[in-house]
Every structure is written in C-alpha cells, then in structure tokens.
Protein chains: 2
Amino acid sequence: MKKIIILGSTGSIGVNTLDIISRFPERFEVVGLAARSDDATLEAQIRKFHPKVVSLTEEAAAKKLTKRLSGDRPEILTGMEGLMEVARLSEGELVVSAMVGAAGLLPTLAAIRGKKTVALANKEALVMAGEIIQREARLQNVPILPIDSEHAAIFQILSGERYSDVARIILTASGGPLFGFSEERKKTVSPKEALAHPNWKMGPKISIDSATLMNKGFEIMEARWLFDMSSEKIDVLIHRQSIIHALVEFFDKSVITQMGLPDMRVPISYALHYPERAPLPFPSLCLEEIGTLTFERVDPAAFPLLACAREALKTGGTLPSVLNAANEIAVTAFLNERIGFHKIYDIVRKTMEAHILSPVNTLDEVLSADHWARMEAEGWVKKCAT
Amino acid sequence: MKKIIILGSTGSIGVNTLDIISRFPERFEVVGLAARSDDATLEAQIRKFHPKVVSLTEEAAAKKLTKRLSGDRPEILTGMEGLMEVARLSEGELVVSAMVGAAGLLPTLAAIRGKKTVALANKEALVMAGEIIQREARLQNVPILPIDSEHAAIFQILSGERYSDVARIILTASGGPLFGFSEERKKTVSPKEALAHPNWKMGPKISIDSATLMNKGFEIMEARWLFDMSSEKIDVLIHRQSIIHALVEFFDKSVITQMGLPDMRVPISYALHYPERAPLPFPSLCLEEIGTLTFERVDPAAFPLLACAREALKTGGTLPSVLNAANEIAVTAFLNERIGFHKIYDIVRKTMEAHILSPVNTLDEVLSADHWARMEAEGWVKKCAT
C-alpha cells in the first residue's frame with residue numbers, strides 16, 4: 001500500500017487523483033488531504049477515503065467541517081500551519097502537490113524536506129523557486145514526478161534515454177480558446193469565453209493561463225528545472241488538437257513523442273504507479289478517427305506573455321516570482337471582471353518593469369518578491385479598472 | 001573500435017551504413033563486406049574502407065574484382081560458402097544483415113551462431129524462420145537490433161519500458177505510390193510507377209512490397225518475432241507522410257511514438273551506436289513546416305496481401321516461407337514486365353492455396369518449402385504471362 005497525501009484535493013487535479021486511487025484500492029491508501037475552503041467536497045472525500053488528517057486553510061471552513069463530522073473523524077487542521085503539517089505527515093510516502101498558484105510553494109518544500117516523493121502538478125512552485133526546490137530534492141534524494149501532461153510526457157520519453165543525447169524539448173500548446181482572435185476582439189472577451197478550453201477541462205486559473213499562453217511560459221520554466229535543460233533547448237509548438245503532449249528531439253535527429261486523448265488521469269496514474277504502468281479502462285487514442293494533426297508556429301505578437309516568461313527565466317533572481325505573482329493578481333482581476341483580458345499582459349509587464357531585481361538565495365527572498373509584486377500588480381489593476 | 005561486417009554492402013542499406021561509418025572513423029572499422037554481383041561498387045568500397053575479407057556471391061563478378069585489384073587487396077571469396085565465411089568472420093563484432101529477400105536467412109543465422117550482434121535490415125529472414133532465429137539468438141545470447149525504420153522506432157520506444165505494459169504496437173504505412181488507385185488502374189501500372197515511393201528511396205524489391213503493402217505484412221511478422229508480441233497486438237495505420245514510424249500504446253492508454261524525416265541513416269546509426277546515440281548533421285524534423293499529419297484506416301480490399309501475411313503468421317509452419325518465396329518470384333516477374341501489378345497477389349494466393357502445410361522444426365524444412373514455393377509460383381507466373 002502506497003500512502004498518499006493530496007494537497008489541493010478538492011480541485012481538478014485532486015479530484016482526478018482520487019478517481020485513480022479509487023480504482024486501485026489494493027495499491028493506495030489516502031492518509032492526508034488538504035484543501036483551501038471547499039468543506040463540502042472535502043467532507044465527501046473524507047467519508048469515502050478515510051484519511052487520518054485533513055486541513056482546510058480557511059478557518060471558517062474548517063469550523064464548518066468539524067461541526068458536520070462527528071465520531072470517527074480525522075484530525076482537522078487549519079491555517080498555513082495545518083496545511084504544512086499535512087504536507088509532512090510522517091505516514092505519507094507520496095505527496096500530490098496540486099494547490100493553485102504560489103500557495104503550493106511552501107507545502108511542496110515541506111513535503112520534500114519530509115523526504116516524500118512529490119508528484120507535482122503545481123507548476124508555480126518551480127516557476128518561483130525552481131533552483132531552491134531542485135537543490136532541496138537532490139539533498140533529500142527525493143524524486144519529483146511531473147503530473148503536468150507535457151512534463152509527464154517528457155518524463156516518459158526520457159525514461160531509458162541519456163539526458164546528454166537530448167537536442168531539444170518541444171512543448172505543444174493548443175493555443176487555447178482565443179486562438180486566432182484579433183487584438184481588438186480580445187478586448188471584449190468575457191471570462192466565460194476565455195475559460196472555454198477546447199480540449200482540456202481544468203481549473204479557472206490554468207484555463208486563463210492557457211488562453212494567454214502564460215501557462216506555456218510557466219511550462220518552459222518548469223521543464224528547465226525538472227529536466228535540468230537550458231531554456232534555449234525548450235521550444236513551443238502550436239498543436240490545436242492537444243493529442244501530442246510533448247516531443248523530444250535527440251542529437252541523432254530521432255524524435256520521440258508521447259500522445260493520448262486529453263485526460264489528466266493518465267499522467268496522474270503514471271506518477272502514482274511509477275515506475276509501473278497500471279491498466280486504465282479509458283478509451284484508446286484512435287488516430288484514424290481523429291484523422292488529422294496540425295502544427296503551427298507560435299505568433300509571439302499574439303502571445304506576449306511567452307516572451308515575459310523567457311525573459312524572467314533568463315534573468316533569474318526575483319523576476320520569476322514577480323512574473324508569477326503579477327500574473328496571479330491579473331488573472332484573478334480578469335475572472336472577477338475588474339479588467340479586460342488584454343490588460344493581463346499590461347499588468348504583468350508593468351509590474352516586471354517596476355521591479356528592482358535582486359538575486360535569490362533563500363525562500364524568504366522569493367516570498368518577499370512575491371509579496372511586493374502582488375501589491376504592485378494590485379495597484380496597476382486599480383489603475384486599469386478605473 | 002567496433003568491428004563491422006556488412007552483408008549486402010552495395011545495396012541501399014549497405015551504402016547508407018557505410019555513409020554513417022565514414023562519419024565516425026574513430027568508432028568503427030569495416031572488417032568484412034559481402035555483395036551479390038556489383039563488383040564495381042564493391043571495388044570502390046574496398047578502396048575506401050579497406051576490409052580484410054570480401055565476398056561476391058556470383059563467381060564471374062568475383063573474378064572481375066580479383067583482376068582489377070592488385071597488391072594490398074582483401075581476401076576475395078565467392079559463392080554461398082564465401083558469403084557465409086564473411087558472415088562469421090572471427091574479427092567481426094556487429095553484422096549488418098542487409099541482403100535482399102530469402103538470401104539473407106542463412107548468413108544471418110551464421111552471424112548469430114558466430115555470436116555477433118546482428119543489426120537486421122533483412123526482414124525476410126524473420127518472416128521465413130522467425131522462431132528459429134529468435135531461439136538461436138537467445139541460445140547464443142546475441143542481441144538483434146532492428147534497422148527497419150518501424151522496428152527501430154518500436155525498439156527505441158520500448159527502451160526503459162516493460163514489455164508487459166504494452167497493449168498494442170501500431171506500424172505506420174505510407175500506402176505507397178499507388179495509394180487510392182482503382183483496381184482497374186492497377187492492372188496497367190508500370191514498374192516505374194510502382195517503384196516511385198512517395199517518401200522513401202529504397203531498393204526495387206522493397207519498393208514494390210511497399211506498393212502492395214506486402215512489406216507491412218512482413219513487418220507485422222517481423223515485429224511478432226522481434227518483440228515477442230502476439231499478432232493480434234500488432235496493428236497497421238495508413239500515414240501518408242511517413243513521419244511517424246511507429247506507435248506503441250500501453251495499458252494505461254499512454255501512446256509513445258518515434259518520428260523523424262524519412263532517412264534510413266538515422267535507424268542505421270542508432271543500431272551501430274547502440275546503446276548510445278551519436279549526433280548526426282541531418283535536417284531536424286520541423287513539424288510547423290510540415291503542418292499536417294494524416295491518418296487513415298487500411299482498406300483490406302485494396303491491399304489483400306496484408307491478410308495473406310496475417311494468415312501465414314497465424315498458421316505458421318511452412319506457410320510464411322511459402323508466402324515470402326511466392327512474393328519474391330511474383331515481384332521479380334512484375335519488375336521484369338512478365339506479369340501485371342495486380343497479378344502479384346494472384347500468384348501469392350494461388351501458391352499458398354496449393355501448398356500442403358507442414359510444421360517447421362529445422363532450417364532444412366524452411367528451405368525446402370521456400371524451394372517448392374519458388375517452383376510453384378514460377379509455374380503460376382508462366383500461366384499468367386501467356
């Protein structure tokens with residue numbers, strides 16, 4: 001029995017992880033669950049999976065949950081401290097890190113320091129503090145297994161290969177729901193339109209990041225740290241159908257790719273069962289039915305956040321954290337209909353420009369840049385909104 | 001220095017193998033070369049690569065070569081015995097088996113019995129005697145590295161994977177130069193038209209086998225033995241662009257594929273350098289330039305030889321040898337303009353139907369079925385030709 005902890009259990013990745021776990025009751029035991037505020041979903045998960053410890057970061061939600069559960073109930077923790085406690089729970093062997101945004105950074109590090117294998121869906125942790133996380137994972141001799149479909153693809157492709165033979169990693173991008181929209185049209189896009197991803201059903205934050213291609217920028221940064229690959233070796237290719245998840249070109253010009261129907265449960269299952277593959281009863285990819293796969297260059301003018309990500313990665317220091325924080329603020333403001341879609345880029349750009357860069361050696365420096373950027377970006381949101 | 005023997009050095013695979021070897025003079029040494037009759041090309045190869053021993057199966061060609069080379073020349077052998085001697089040359093470490101057709105069977109077995117790693121391009125050896133060859137390779141603990149692009153693809157995909165996780169192998173087929181031709185139109189196809197493969201430059205025999213899809217049938221049989229996979233798990237998919245060479249679907253619905261521009265030097269280099277990959281200065285695959293990849297089901301009525309191959313594989317015994325021999329006779333007759341393209345199938349079918357099946361335990365039984373089928377098929381050619 002592999003003992004599993006899920007951070008972000010009520011979100012899209014968390015729910016899919018529990019779907020896979022429920023299919024293999026003889027293989028997995030859920031020992032800890034953590035969510036931010038969705039006490040109703042967490043309650044149902046507790047009744048089904050019987051974890052020993054749970055946490056709800058928001059205290060009011062934790063109180064509601066405590067009231068509703070009686071008798072044989074798990075220990076219920078709250079606040080950032082509660083979340084951290086779940087992340088480093090001594091019984092846990094594998095931690096699925098699936099919180100949204102910067103909130104995933106500290107618990108991911110706590111899990112690594114607790115010597116647990118990390119199945120990582122929270123890309124923002126690597127975006128903000130990739131170097132620190134990889135240093136810590138090496139120190140603790142803890143494997144990080146990517147759950148992001150593109151990185152899970154690369155991880156599978158590289159199994160049995162020598163990293164030194166890799167010429168280039170290519171991440172595919174669907175282009176999102178607004179692909180081909182004019183700049184004029186983008187000004188009037190509603191959250192609902194921007195959330196309507198053509199191929200993947202995902203949470204709201206990552207759906208908007210897919211529409212701006214910020215998500216692909218984050219994935220370049222993620223790949224840089226996960227596979228210790230220089231950013232010049234990481235390319236992006238528009239592939240509208242999201243069937244091929246990533247490609248790796250080797251120095252002998254052979255290209256290996258991983259593909260499949262878009263279903264996050266496949267990479268999640270891979271990470272949970274690694275190094276084995278478990279049979280899943282989902283539909284097979286049938287290319288003769290799909291018929292056609294298409295590929296296009298990325299238009300940098302249509303997706304300027306991609307260049308911001310490359311700049312932040314190249315510059316390093318506090319800039320990646322600033323990029324990530326400003327983006328989180330801007331995406332939230334867009335989802336709350338405070339700013340237009342086209343203003344997401346403006347706010348990220350202006351925040352990056354206003355930032356006085358400094359090197360990063362400690363987590364505190366990362367968090368203080370994150371804090372500064374949130375304040376700064378919020379200021380720009382206010383200016384845009386008026 | 002890896003010491004290399006090439007059987008079939010003057011053919012398409014042989015010439016491409018020497019192209020790769022010439023790029024890595026510090027890695028490879030050519031110790032033996034064998035060809036059937038092309039003394040002029042072999043002479044040039046001798047002057048460039050200085051093998052210790054060569055053979056020309058046709059005695060007249062061997063005599064011509066002996067006359068033209070003087071002084072510091074390699075030992076020149078002839079006949080089937082000469083070919084076998086090159087195949088088991090004691091200095092050789094890796095044998096590239098690239099003779100055309102059934103002629104490759106005995107020297108391939110000789111190389112395996114000589115405990116040499118075999119880089120196999122000659123698929124007919126496995127078609128005729130797959131079980132015997134694999135038994136012998138296991139006995140001698142000799143690896144067989146596929147050079148056929150589809151099988152080299154599968155071999156690369158499966159490195160680092162567990163064979164027990166494989167749900168399905170999918171071989172891609174371009175469909176060849178006559179794809180979409182009506183049955184009526186196929187009756188008037190000239191050898192020149194049938195040889196004009198859209199993507200690959202290959203020898204004449206395999207080009208015609210590609211036009212009939214017999215080649216894909218042989219590849220199913222080859223895959224069955226190379227990867228110890230039941231034939232029900234091996235599918236074929238029409239993919240006109242020949243960019244994806246093969247796909248493997250695992251039980252978790254993840255699909256891994258190998259792709260690249262069609263260039264036989266890539267799989268040849270992989271086999272020569274295995275388990276390493278060597279950098280090659282060929283153009284990179286650029287999917288954004290190619291734009292579109294298409295996939296279609298195979299129409300069994302348009303390519304009836306595919307069903308013959310499946311039947312021969314399922315039935316086993318002497319039938320695979322009969323299939324192969326009848327096909328060789330029919331293809332030669334078509335290339336010599338003795339029969340129409342559409343008669344290739346008829347001759348193979350009639351020969352298979354006339355055959356009295358028997359089990360196969362020894363190589364002699366394989367060879368005698370091969371001999372019988374050649375006589376029988378030749379009889380059918382004569383009937384068709386009149």
# chains A, B, ... in the order shown; residues from 1 in each chain; ligands from 1
>>> select_by_dssp(residues="range 125-374 of chain A", states="helix (DSSP H, G or I)", output="JSON, numbers by chain")
{"A": [125, 126, 127, 128, 129, 130, 131, 132, 133, 134, 135, 136, 137, 138, 139, 140, 149, 150, 151, 152, 153, 154, 155, 156, 157, 158, 163, 164, 165, 183, 184, 185, 186, 191, 192, 193, 194, 195, 204, 205, 206, 207, 208, 209, 210, 211, 212, 214, 215, 216, 217, 218, 219, 220, 221, 222, 223, 224, 225, 226, 231, 232, 233, 265, 266, 267, 268, 269, 270, 271, 272, 273, 287, 288, 289, 290, 304, 305, 306, 307, 308, 309, 310, 311, 312, 313, 314, 315, 319, 320, 321, 322, 323, 324, 325, 326, 327, 328, 329, 330, 331, 332, 333, 334, 335, 343, 344, 345, 346, 347, 348, 349, 350, 351, 352, 353, 354, 363, 364, 365, 366, 367, 368, 369, 370, 371, 372, 373, 374]}
>>> residues_around(residues="Lys187 in chain B", least_positions_apart="3", cutoff="8 Å", atoms="only C-alpha atoms", output="PyMOL selection string")
chain B and resi 183-184+340-342
>>> write_last_selection(atoms="N, CA, C and O atoms", output="short mmCIF file (atom, residue, chain, number, x, y, z; two decimals), in the first residue's frame")
data_model
loop_
_atom_site.label_atom_id
_atom_site.label_comp_id
_atom_site.auth_asym_id
_atom_site.auth_seq_id
_atom_site.Cartn_x
_atom_site.Cartn_y
_atom_site.Cartn_z
N GLU B 183 -8.81 -0.65 -58.81
CA GLU B 183 -8.34 -1.98 -59.21
C GLU B 183 -8.10 -2.02 -60.72
O GLU B 183 -7.14 -2.65 -61.18
N GLU B 184 -8.93 -1.32 -61.46
CA GLU B 184 -8.79 -1.26 -62.92
C GLU B 184 -7.44 -0.62 -63.28
O GLU B 184 -6.68 -1.15 -64.09
N GLY B 340 1.36 -8.39 -64.82
CA GLY B 340 0.84 -7.11 -64.37
C GLY B 340 0.92 -6.99 -62.85
O GLY B 340 1.04 -8.01 -62.14
N PHE B 341 0.85 -5.76 -62.36
CA PHE B 341 0.97 -5.49 -60.93
C PHE B 341 -0.09 -6.27 -60.12
O PHE B 341 0.20 -6.84 -59.07
N HIS B 342 -1.33 -6.30 -60.65
CA HIS B 342 -2.43 -6.95 -59.93
C HIS B 342 -2.26 -8.46 -59.84
O HIS B 342 -2.95 -9.11 -59.07
#
>>> residues_around(residues="Gly114 in chain A", least_positions_apart="6", cutoff="12 Å", atoms="only C-alpha atoms", output="list in words")
Met84, Glu85, Val86, Ala87, Arg88, Leu89, Ser90, Glu91, Gly92, Glu93, Leu94, Val95, Pro107, Thr108, Glu136, Ala137, Leu139, Gln140, Asn141 and Val142 of chain A
>>> write_last_selection(atoms="N, CA and C atoms", output="CSV table (one decimal), in the first residue's frame")
chain,number,residue,atom,x,y,z
A,84,MET,N,0.8,22.8,6.2
A,84,MET,CA,2.2,22.3,6.3
A,84,MET,C,2.3,21.0,7.0
A,85,GLU,N,1.5,20.9,8.1
A,85,GLU,CA,1.5,19.6,8.8
A,85,GLU,C,1.0,18.4,8.0
A,86,VAL,N,0.0,18.7,7.2
A,86,VAL,CA,-0.5,17.6,6.3
A,86,VAL,C,0.6,17.2,5.3
A,87,ALA,N,1.3,18.3,4.8
A,87,ALA,CA,2.3,18.0,3.7
A,87,ALA,C,3.5,17.2,4.2
A,88,ARG,N,3.8,17.3,5.6
A,88,ARG,CA,4.9,16.5,6.1
A,88,ARG,C,4.5,15.4,7.0
A,89,LEU,N,3.3,15.0,6.9
A,89,LEU,CA,2.7,13.9,7.7
A,89,LEU,C,3.6,12.7,7.7
A,90,SER,N,4.0,12.1,8.8
A,90,SER,CA,5.0,11.1,8.8
A,90,SER,C,4.6,9.8,8.1
A,91,GLU,N,3.3,9.5,8.1
A,91,GLU,CA,2.9,8.3,7.4
A,91,GLU,C,3.0,8.4,5.8
A,92,GLY,N,3.0,9.6,5.3
A,92,GLY,CA,2.9,9.8,3.9
A,92,GLY,C,4.1,9.4,3.1
A,93,GLU,N,3.9,8.7,2.0
A,93,GLU,CA,5.1,8.3,1.1
A,93,GLU,C,5.2,9.2,-0.1
A,94,LEU,N,4.0,9.5,-0.7
A,94,LEU,CA,3.9,10.3,-1.9
A,94,LEU,C,2.9,11.4,-1.7
A,95,VAL,N,3.4,12.6,-2.0
A,95,VAL,CA,2.6,13.8,-1.9
A,95,VAL,C,2.2,14.3,-3.3
A,107,PRO,N,4.2,24.3,1.0
A,107,PRO,CA,3.9,22.8,1.3
A,107,PRO,C,4.7,21.9,0.4
A,108,THR,N,5.0,22.2,-0.8
A,108,THR,CA,5.8,21.4,-1.7
A,108,THR,C,7.2,21.2,-1.1
A,136,GLU,N,16.9,21.2,-3.0
A,136,GLU,CA,16.4,20.5,-1.8
A,136,GLU,C,16.1,19.0,-2.1
A,137,ALA,N,15.5,18.8,-3.3
A,137,ALA,CA,15.1,17.5,-3.7
A,137,ALA,C,16.4,16.6,-3.9
A,139,LEU,N,19.2,17.1,-2.3
A,139,LEU,CA,19.8,17.0,-1.0
A,139,LEU,C,19.1,15.9,-0.2
A,140,GLN,N,17.7,15.8,-0.4
A,140,GLN,CA,16.9,14.8,0.4
A,140,GLN,C,16.8,13.5,-0.4
A,141,ASN,N,17.4,13.5,-1.6
A,141,ASN,CA,17.3,12.3,-2.5
A,141,ASN,C,15.8,11.9,-2.8
A,142,VAL,N,15.0,12.9,-3.1
A,142,VAL,CA,13.6,12.7,-3.3
A,142,VAL,C,13.3,12.9,-4.8
>>> select_by_dssp(residues="range 246-301 of chain B", states="strand (DSSP E or B)", output="mmCIF file with N, CA, C and O atoms, in the first residue's frame")
data_model
loop_
_atom_site.group_PDB
_atom_site.id
_atom_site.type_symbol
_atom_site.label_atom_id
_atom_site.label_comp_id
_atom_site.auth_asym_id
_atom_site.auth_seq_id
_atom_site.Cartn_x
_atom_site.Cartn_y
_atom_site.Cartn_z
ATOM 1 N N ALA B 246 6.314 4.525 -36.008
ATOM 2 C CA ALA B 246 5.548 3.505 -35.286
ATOM 3 C C ALA B 246 5.037 4.119 -33.992
ATOM 4 O O ALA B 246 5.544 5.153 -33.531
ATOM 5 N N LEU B 247 4.000 3.484 -33.436
ATOM 6 C CA LEU B 247 3.427 3.920 -32.158
ATOM 7 C C LEU B 247 3.290 2.702 -31.263
ATOM 8 O O LEU B 247 3.046 1.589 -31.741
ATOM 9 N N VAL B 248 3.420 2.917 -29.974
ATOM 10 C CA VAL B 248 3.142 1.853 -29.007
ATOM 11 C C VAL B 248 2.122 2.383 -28.007
ATOM 12 O O VAL B 248 2.331 3.444 -27.400
ATOM 13 N N GLU B 249 1.000 1.680 -27.901
ATOM 14 C CA GLU B 249 0.007 2.045 -26.894
ATOM 15 C C GLU B 249 0.209 1.149 -25.678
ATOM 16 O O GLU B 249 0.307 -0.073 -25.807
ATOM 17 N N PHE B 250 0.261 1.758 -24.501
ATOM 18 C CA PHE B 250 0.417 0.996 -23.264
ATOM 19 C C PHE B 250 -0.954 0.786 -22.621
ATOM 20 O O PHE B 250 -1.933 1.440 -23.001
ATOM 21 N N VAL B 255 0.420 6.733 -25.262
ATOM 22 C CA VAL B 255 0.967 6.278 -26.541
ATOM 23 C C VAL B 255 2.316 6.957 -26.756
ATOM 24 O O VAL B 255 2.408 8.185 -26.672
ATOM 25 N N ILE B 256 3.348 6.171 -27.001
ATOM 26 C CA ILE B 256 4.662 6.743 -27.300
ATOM 27 C C ILE B 256 4.968 6.451 -28.766
ATOM 28 O O ILE B 256 4.690 5.363 -29.260
ATOM 29 N N THR B 257 5.497 7.456 -29.456
ATOM 30 C CA THR B 257 5.802 7.282 -30.870
ATOM 31 C C THR B 257 7.228 7.749 -31.155
ATOM 32 O O THR B 257 7.795 8.539 -30.400
ATOM 33 N N GLN B 258 7.765 7.233 -32.255
ATOM 34 C CA GLN B 258 9.047 7.745 -32.724
ATOM 35 C C GLN B 258 8.798 8.335 -34.099
ATOM 36 O O GLN B 258 8.038 7.774 -34.900
ATOM 37 N N MET B 259 9.373 9.506 -34.357
ATOM 38 C CA MET B 259 9.182 10.120 -35.664
ATOM 39 C C MET B 259 10.460 10.768 -36.159
ATOM 40 O O MET B 259 11.456 10.872 -35.440
ATOM 41 N N THR B 292 0.781 19.327 -41.375
ATOM 42 C CA THR B 292 -0.321 18.391 -41.162
ATOM 43 C C THR B 292 0.154 16.943 -41.259
ATOM 44 O O THR B 292 0.891 16.590 -42.173
ATOM 45 N N LEU B 293 -0.275 16.146 -40.309
ATOM 46 C CA LEU B 293 -0.062 14.702 -40.385
ATOM 47 C C LEU B 293 -1.442 14.052 -40.485
ATOM 48 O O LEU B 293 -2.354 14.431 -39.751
ATOM 49 N N THR B 294 -1.586 13.091 -41.385
ATOM 50 C CA THR B 294 -2.898 12.457 -41.565
ATOM 51 C C THR B 294 -2.835 10.956 -41.288
ATOM 52 O O THR B 294 -1.776 10.343 -41.400
ATOM 53 N N GLU B 296 -5.291 7.234 -41.649
ATOM 54 C CA GLU B 296 -6.457 6.568 -42.236
ATOM 55 C C GLU B 296 -6.399 5.081 -41.925
ATOM 56 O O GLU B 296 -5.330 4.521 -41.719
#
>>> closest_atom_pairs(of="chain A", to="chain B", cutoff="8 Å", atoms="only C-alpha atoms", output="CSV")
residue,atom,partner,partner_atom,distance
A:Ile157,CA,B:Ile256,CA,7.4
A:Ser159,CA,B:Gly160,CA,5.2
A:Gly160,CA,B:Gly160,CA,3.9
A:Glu161,CA,B:Gly160,CA,7.5
A:Asp165,CA,B:Arg277,CA,6.4
A:Leu237,CA,B:Glu288,CA,7.3
A:Phe250,CA,B:Arg277,CA,7.9
A:Phe251,CA,B:Pro279,CA,4.5
A:Asp252,CA,B:Pro279,CA,4.6
A:Lys253,CA,B:Ser284,CA,5.8
A:Ser254,CA,B:Gly260,CA,5.5
A:Val255,CA,B:Met259,CA,5.1
A:Ile256,CA,B:Gln258,CA,4.4
A:Thr257,CA,B:Thr257,CA,5.2
A:Gln258,CA,B:Ile256,CA,4.4
A:Met259,CA,B:Val255,CA,5.1
A:Gly260,CA,B:Ser254,CA,5.5
A:Val266,CA,B:Asp252,CA,6.6
A:Ser269,CA,B:Asp252,CA,7.9
A:Tyr270,CA,B:Asp252,CA,7.9
A:Arg277,CA,B:Asp252,CA,6.1
A:Ala278,CA,B:Asp252,CA,5.6
A:Pro279,CA,B:Phe251,CA,4.5
A:Leu280,CA,B:Asp252,CA,4.8
A:Pro281,CA,B:Asp252,CA,7.8
A:Phe282,CA,B:Lys253,CA,7.0
A:Pro283,CA,B:Lys253,CA,7.5
A:Ser284,CA,B:Lys253,CA,5.8
A:Leu285,CA,B:Lys253,CA,7.2
A:Leu287,CA,B:Phe295,CA,6.0
A:Glu288,CA,B:Glu296,CA,4.6
A:Glu289,CA,B:Glu296,CA,7.7
A:Ile290,CA,B:Phe295,CA,7.7
A:Gly291,CA,B:Phe295,CA,4.9
A:Thr292,CA,B:Thr294,CA,4.5
A:Leu293,CA,B:Leu293,CA,5.2
A:Thr294,CA,B:Thr292,CA,4.5
A:Phe295,CA,B:Gly291,CA,4.9
A:Glu296,CA,B:Glu288,CA,4.6
A:Arg297,CA,B:Glu288,CA,5.6
>>> atom_distance(atom1="CA of Ile268 in chain B", atom2="CA of Ala325 in chain B")
26.4 Å
